[in-house]
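Structure file protein_33.pdb; described as PDB, C-alpha atoms.
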ATOM      1  CA  MET A   4       8.723   5.792 -91.554
ATOM      2  CA  SER A   5       7.607   3.313 -94.199
ATOM      3  CA  LYS A   6       4.528   1.155 -93.943
ATOM      4  CA  ARG A   7       6.726  -1.954 -93.882
ATOM      5  CA  PHE A   8       8.732  -0.559 -90.993
ATOM      6  CA  ASP A   9       5.516   0.162 -89.082
ATOM      7  CA  THR A  10       4.389  -3.423 -89.642
ATOM      8  CA  ARG A  11       7.714  -4.799 -88.412
ATOM      9  CA  LEU A  12       7.673  -2.524 -85.367
ATOM     10  CA  ARG A  13       4.117  -3.543 -84.516
ATOM     11  CA  ARG A  14       5.092  -7.203 -84.814
ATOM     12  CA  LEU A  15       8.143  -6.673 -82.583
ATOM     13  CA  ARG A  16       6.015  -4.905 -79.967
ATOM     14  CA  HIS A  17       3.538  -7.768 -79.998
ATOM     15  CA  LEU A  18       6.246 -10.433 -79.628
ATOM     16  CA  TYR A  19       8.312  -8.470 -77.120
ATOM     17  CA  HIS A  20       5.423  -8.021 -74.715
ATOM     18  CA  ARG A  21       4.733 -11.760 -74.762
ATOM     19  CA  LEU A  22       8.245 -12.536 -73.541
ATOM     20  CA  SER A  23       9.499 -12.918 -69.984
ATOM     21  CA  ALA A  24      11.924 -10.337 -68.607
ATOM     22  CA  PRO A  25      15.077 -12.452 -69.227
ATOM     23  CA  ARG A  26      14.042 -13.090 -72.818
ATOM     24  CA  ARG A  27      13.243  -9.420 -73.350
ATOM     25  CA  ARG A  28      16.772  -8.654 -72.201
ATOM     26  CA  GLN A  29      18.121 -11.163 -74.739
ATOM     27  CA  VAL A  30      16.200  -9.436 -77.533
ATOM     28  CA  LEU A  31      17.463  -6.019 -76.451
ATOM     29  CA  LYS A  32      21.040  -7.301 -76.238
ATOM     30  CA  ALA A  33      20.777  -8.815 -79.706
ATOM     31  CA  ALA A  34      19.324  -5.577 -81.102
ATOM     32  CA  VAL A  35      22.161  -3.501 -79.656
ATOM     33  CA  ALA A  36      24.726  -5.967 -81.025
ATOM     34  CA  LEU A  37      23.134  -5.804 -84.477
ATOM     35  CA  ARG A  38      23.114  -2.019 -84.379
ATOM     36  CA  ASP A  39      26.712  -1.719 -83.214
ATOM     37  CA  GLY A  40      27.905  -4.255 -85.759
ATOM     38  CA  SER A  41      29.306  -6.560 -83.119
ATOM     39  CA  ARG A  42      28.572 -10.241 -83.171
ATOM     40  CA  PRO A  43      25.066 -10.816 -81.805
ATOM     41  CA  PRO A  44      24.913 -13.070 -78.759
ATOM     42  CA  ARG A  45      24.074 -16.675 -79.510
ATOM     43  CA  VAL A  46      20.839 -17.789 -77.961
ATOM     44  CA  TRP A  47      20.643 -21.495 -77.333
ATOM     45  CA  VAL A  48      17.096 -22.750 -76.989
ATOM     46  CA  PHE A  49      16.899 -26.222 -75.486
ATOM     47  CA  LEU A  50      14.102 -28.691 -76.044
ATOM     48  CA  ASP A  51      12.855 -28.280 -72.486
ATOM     49  CA  GLY A  52      12.306 -24.571 -73.164
ATOM     50  CA  SER A  53      15.303 -23.244 -71.276
ATOM     51  CA  THR A  54      17.570 -20.754 -73.001
ATOM     52  CA  TYR A  55      21.215 -19.963 -72.556
TER      53      TYR A  55
ATOM     54  CA  MET B  25      28.115   4.745 -68.030
ATOM     55  CA  GLY B  26      27.777   8.248 -66.591
ATOM     56  CA  ILE B  27      25.205  10.780 -67.647
ATOM     57  CA  GLY B  28      27.758  12.601 -69.831
ATOM     58  CA  ALA B  29      28.685   9.447 -71.731
ATOM     59  CA  SER B  30      24.989   8.689 -72.103
ATOM     60  CA  ILE B  31      24.401  12.122 -73.658
ATOM     61  CA  ARG B  32      27.313  11.624 -76.043
ATOM     62  CA  THR B  33      26.102   8.156 -77.109
ATOM     63  CA  ILE B  34      22.591   9.374 -77.891
ATOM     64  CA  ARG B  35      23.842  12.565 -79.563
ATOM     65  CA  GLU B  36      26.097  10.534 -81.859
ATOM     66  CA  GLN B  37      23.247   8.124 -82.632
ATOM     67  CA  ARG B  38      21.247  11.160 -83.710
ATOM     68  CA  GLY B  39      24.102  12.252 -85.967
ATOM     69  CA  MET B  40      24.442  15.535 -84.065
ATOM     70  CA  THR B  41      27.693  17.323 -83.347
ATOM     71  CA  GLN B  42      28.372  19.028 -80.038
ATOM     72  CA  ALA B  43      27.885  22.324 -81.839
ATOM     73  CA  ASP B  44      24.438  21.180 -83.045
ATOM     74  CA  LEU B  45      23.436  20.217 -79.527
ATOM     75  CA  ALA B  46      24.828  23.455 -78.116
ATOM     76  CA  ARG B  47      22.725  25.440 -80.598
ATOM     77  CA  ALA B  48      19.579  23.389 -79.927
ATOM     78  CA  THR B  49      19.868  23.745 -76.149
ATOM     79  CA  ALA B  50      21.426  27.232 -75.923
ATOM     80  CA  ILE B  51      24.124  25.701 -73.732
ATOM     81  CA  GLU B  52      27.771  26.591 -74.274
ATOM     82  CA  GLN B  53      29.634  23.970 -76.289
ATOM     83  CA  SER B  54      32.592  24.064 -73.904
ATOM     84  CA  TYR B  55      30.249  23.133 -71.058
ATOM     85  CA  LEU B  56      28.722  20.292 -73.114
ATOM     86  CA  SER B  57      32.208  19.041 -73.869
ATOM     87  CA  ARG B  58      33.117  18.974 -70.159
ATOM     88  CA  LEU B  59      29.778  17.346 -69.383
ATOM     89  CA  GLU B  60      30.287  14.568 -71.917
ATOM     90  CA  THR B  61      33.788  13.802 -70.692
ATOM     91  CA  GLY B  62      32.585  13.674 -67.088
ATOM     92  CA  SER B  63      34.471  16.626 -65.631
ATOM     93  CA  ARG B  64      33.840  17.238 -61.960
ATOM     94  CA  ASP B  65      32.765  20.827 -62.487
ATOM     95  CA  SER B  66      30.045  19.875 -64.929
ATOM     96  CA  ARG B  67      27.261  18.287 -62.903
ATOM     97  CA  PRO B  68      24.151  19.237 -64.863
ATOM     98  CA  ASN B  69      21.073  20.456 -63.039
ATOM     99  CA  ALA B  70      17.586  19.216 -63.857
ATOM    100  CA  LEU B  71      16.796  22.092 -66.232
ATOM    101  CA  VAL B  72      19.946  21.490 -68.261
ATOM    102  CA  LEU B  73      19.143  17.775 -68.495
ATOM    103  CA  ALA B  74      15.586  18.565 -69.565
ATOM    104  CA  ARG B  75      16.856  20.854 -72.341
ATOM    105  CA  ILE B  76      19.355  18.280 -73.538
ATOM    106  CA  ALA B  77      16.751  15.491 -73.472
ATOM    107  CA  LYS B  78      14.315  17.651 -75.429
ATOM    108  CA  ALA B  79      16.937  18.454 -78.053
ATOM    109  CA  LEU B  80      17.782  14.749 -78.355
ATOM    110  CA  GLU B  81      14.055  13.950 -78.649
ATOM    111  CA  ILE B  82      13.994  11.582 -75.698
ATOM    112  CA  SER B  83      12.739  11.788 -72.127
ATOM    113  CA  VAL B  84      15.044  12.470 -69.181
ATOM    114  CA  ASP B  85      14.151   8.963 -67.976
ATOM    115  CA  GLU B  86      15.522   7.447 -71.161
ATOM    116  CA  LEU B  87      18.680   9.472 -70.693
ATOM    117  CA  PHE B  88      19.100   7.842 -67.288
ATOM    118  CA  LEU B  89      18.273   4.386 -68.643
ATOM    119  CA  GLU B  90      21.376   4.638 -70.841
ATOM    120  CA  THR B  91      23.437   5.162 -67.695
ATOM    121  CA  GLY B  92      22.196   1.886 -66.214
ATOM    122  CA  ILE B  93      20.675   3.560 -63.152
ATOM    123  CA  ARG B  94      17.973   1.241 -61.848
ATOM    124  CA  ARG B  95      14.320   2.168 -61.525
ATOM    125  CA  SER B  96      11.082   0.406 -60.652
ATOM    126  CA  LYS B  97      10.402  -2.785 -62.632
ATOM    127  CA  ASP B  98       7.403  -1.410 -64.537
ATOM    128  CA  ARG B  99       9.249   1.742 -65.422
ATOM    129  CA  ASP B 100      12.273  -0.322 -66.422
ATOM    130  CA  ALA B 101      10.160  -2.469 -68.702
ATOM    131  CA  GLU B 102       8.622   0.564 -70.365
ATOM    132  CA  LEU B 103      11.976   2.277 -70.804
ATOM    133  CA  ARG B 104      13.558  -0.923 -72.153
ATOM    134  CA  TRP B 105      10.843  -1.138 -74.774
ATOM    135  CA  LYS B 106      11.484   2.480 -75.740
ATOM    136  CA  LYS B 107      15.188   1.757 -76.004
ATOM    137  CA  LEU B 108      14.516  -1.332 -78.119
ATOM    138  CA  GLU B 109      12.220   0.736 -80.344
ATOM    139  CA  ARG B 110      14.975   3.310 -80.834
ATOM    140  CA  VAL B 111      17.615   0.675 -81.570
ATOM    141  CA  PHE B 112      15.222  -1.142 -83.930
ATOM    142  CA  GLN B 113      14.682   2.063 -85.906
ATOM    143  CA  ALA B 114      18.426   2.395 -86.369
ATOM    144  CA  LEU B 115      18.752  -1.091 -87.880
ATOM    145  CA  PRO B 116      18.699  -1.792 -91.610
ATOM    146  CA  ALA B 117      15.583  -3.655 -92.752
ATOM    147  CA  SER B 118      17.385  -7.008 -93.087
ATOM    148  CA  ARG B 119      18.608  -6.791 -89.483
ATOM    149  CA  GLN B 120      15.134  -5.837 -88.313
ATOM    150  CA  VAL B 121      13.878  -9.048 -89.904
ATOM    151  CA  ASP B 122      16.651 -11.026 -88.134
ATOM    152  CA  LEU B 123      15.631  -9.559 -84.792
ATOM    153  CA  LEU B 124      11.976 -10.349 -85.443
ATOM    154  CA  ALA B 125      12.943 -13.962 -86.154
ATOM    155  CA  LEU B 126      14.762 -14.156 -82.814
ATOM    156  CA  ALA B 127      11.839 -12.639 -80.888
ATOM    157  CA  ASP B 128       9.448 -14.959 -82.737
ATOM    158  CA  ALA B 129      11.528 -18.043 -81.880
ATOM    159  CA  LEU B 130      11.788 -17.047 -78.223
ATOM    160  CA  SER B 131       8.041 -16.438 -78.010
ATOM    161  CA  LYS B 132       7.261 -19.910 -79.353
ATOM    162  CA  VAL B 133       9.423 -21.889 -76.953
ATOM    163  CA  PRO B 134       7.732 -22.347 -73.578
ATOM    164  CA  GLU B 135       9.490 -21.151 -70.459
ATOM    165  CA  LEU B 136      11.296 -23.739 -68.373
ATOM    166  CA  PRO B 137       8.745 -24.908 -65.774
ATOM    167  CA  LEU B 138       9.750 -24.868 -62.158
ATOM    168  CA  VAL B 139      10.481 -28.453 -61.072
ATOM    169  CA  PRO B 140      11.107 -29.592 -57.498
ATOM    170  CA  LYS B 141      14.661 -30.597 -56.721
ATOM    171  CA  VAL B 142      14.606 -34.365 -56.319
ATOM    172  CA  ILE B 143      18.311 -35.122 -56.438
ATOM    173  CA  GLY B 144      18.578 -35.207 -52.629
ATOM    174  CA  ASP B 145      15.606 -37.592 -52.378
ATOM    175  CA  ILE B 146      17.116 -40.017 -54.874
ATOM    176  CA  GLU B 147      20.401 -40.114 -53.000
ATOM    177  CA  ASP B 148      18.567 -40.780 -49.729
ATOM    178  CA  THR B 149      16.642 -43.696 -51.270
ATOM    179  CA  GLU B 150      19.817 -45.253 -52.638
ATOM    180  CA  ASP B 151      21.445 -45.059 -49.204
ATOM    181  CA  LYS B 152      18.497 -46.801 -47.534
ATOM    182  CA  GLU B 153      18.351 -49.693 -50.022
ATOM    183  CA  GLY B 154      21.995 -50.610 -49.579
ATOM    184  CA  PRO B 155      23.612 -53.705 -51.139
ATOM    185  CA  PRO B 156      21.422 -56.820 -51.589
TER     186      PRO B 156
END
Please, can you express the file's structure as structure tokens?
Amino acid sequence: MSKRFDTRLRRLRHLYHRLSAPRRRQVLKAAVALRDGSRPPRVWVFLDGSTY
Amino acid sequence: MGIGASIRTIREQRGMTQADLARATAIEQSYLSRLETGSRDSRPNALVLARIAKALEISVDELFLETGIRRSKDRDAELRWKKLERVFQALPASRQVDLLALADALSKVPELPLVPKVIGDIEDTEDKEGPP
């Protein structure tokens, strides 16, 4: 693996572990969609901090 | 998703054919084929699963995570991270950057705080006041 990939993976690990369980699921869902080439789910982030 | 479908999904992600997996595990290809299609006579025992998992370079737990079988929350969280790591590796660099941007955005927005439900109270107050 390249050094850049390692940096990105480290950054993802850092961010991922700061997220709540529902948001972690959103990230995983988006990753799977990106990998499978399907349209990634839209994540709406409202001003009050809620997501949909 | 059953265990057979899970094996097939991961095998294909690895770019392995059934023949490759059969060679790596010393399991007959015809049995692997029945296993992947979910035939009744192909329930794998623990040793077979361990050999398959080893050949696919994952843990047996991860194999089960693909099937959607639930586990303890901590274990789930750990396995989800491992799955995300695997999926992330399979993404092209530009998509990895996209995913990082999403995770970054989500980490910056605070969680919705828990607020007491006051709708009932407001309605009660309105009823009490009545018309002037």
Exercise. So which residues get picked by the PyMOL selection byres ((chain B) within 8 of (chain A)) here, written as a PyMOL selection string?
Worked result: chain B and resi 104+108-109+111-112+114-115+117+119-121+123-124+126-128+130-131+133-136
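In this model, the gap between atom CA of Ile34 of chain B and atom CA of Leu87 of chain B comes to 8.2 Å.
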Exercise. Any idea what the distance is between atom CA of Glu60 of chain B and atom CA of Ile31 of chain B?
Worked result: 6.6 Å
Seminar exercise, completed: atom CA of Glu102 of chain B to atom CA of Pro25 of chain A measures 14.6 Å
For this session: Using all atoms listed in the file, pick whichever of B:Thr49, B:Gln37, B:Gln42, B:Gln113 has the shortest atom-to-atom distance to Val72 of chain B.
Result: B:Thr49
Problem set entry | Hits of the PyMOL selection byres ((chain B and resi 55) around 12) in this structure, as an MDAnalysis selection string | chainID B and resid 28 42:43 45:46 49:54 56:68 72
Would you put the residues from that selection into a file with C-alpha atoms, as a tab-separated table (two decimals), in the frame of the given file?
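Done, and the output landed in part.tsv:
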chain	number	residue	atom	x	y	z
B	28	GLY	CA	27.76	12.60	-69.83
B	42	GLN	CA	28.37	19.03	-80.04
B	43	ALA	CA	27.88	22.32	-81.84
B	45	LEU	CA	23.44	20.22	-79.53
B	46	ALA	CA	24.83	23.46	-78.12
B	49	THR	CA	19.87	23.74	-76.15
B	50	ALA	CA	21.43	27.23	-75.92
B	51	ILE	CA	24.12	25.70	-73.73
B	52	GLU	CA	27.77	26.59	-74.27
B	53	GLN	CA	29.63	23.97	-76.29
B	54	SER	CA	32.59	24.06	-73.90
B	56	LEU	CA	28.72	20.29	-73.11
B	57	SER	CA	32.21	19.04	-73.87
B	58	ARG	CA	33.12	18.97	-70.16
B	59	LEU	CA	29.78	17.35	-69.38
B	60	GLU	CA	30.29	14.57	-71.92
B	61	THR	CA	33.79	13.80	-70.69
B	62	GLY	CA	32.58	13.67	-67.09
B	63	SER	CA	34.47	16.63	-65.63
B	64	ARG	CA	33.84	17.24	-61.96
B	65	ASP	CA	32.76	20.83	-62.49
B	66	SER	CA	30.04	19.88	-64.93
B	67	ARG	CA	27.26	18.29	-62.90
B	68	PRO	CA	24.15	19.24	-64.86
B	72	VAL	CA	19.95	21.49	-68.26
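Residue nearest Arg38 of chain B, chosen from B:Arg110, B:Val84, B:Ala129, B:Leu73 and counting all atoms listed in the file: B:Arg110.
Proximity ranking of B:Ala125, B:Leu71, B:Leu103, B:Met40 relative to Phe88 of chain B places B:Leu103 first, based on only C-alpha atoms.
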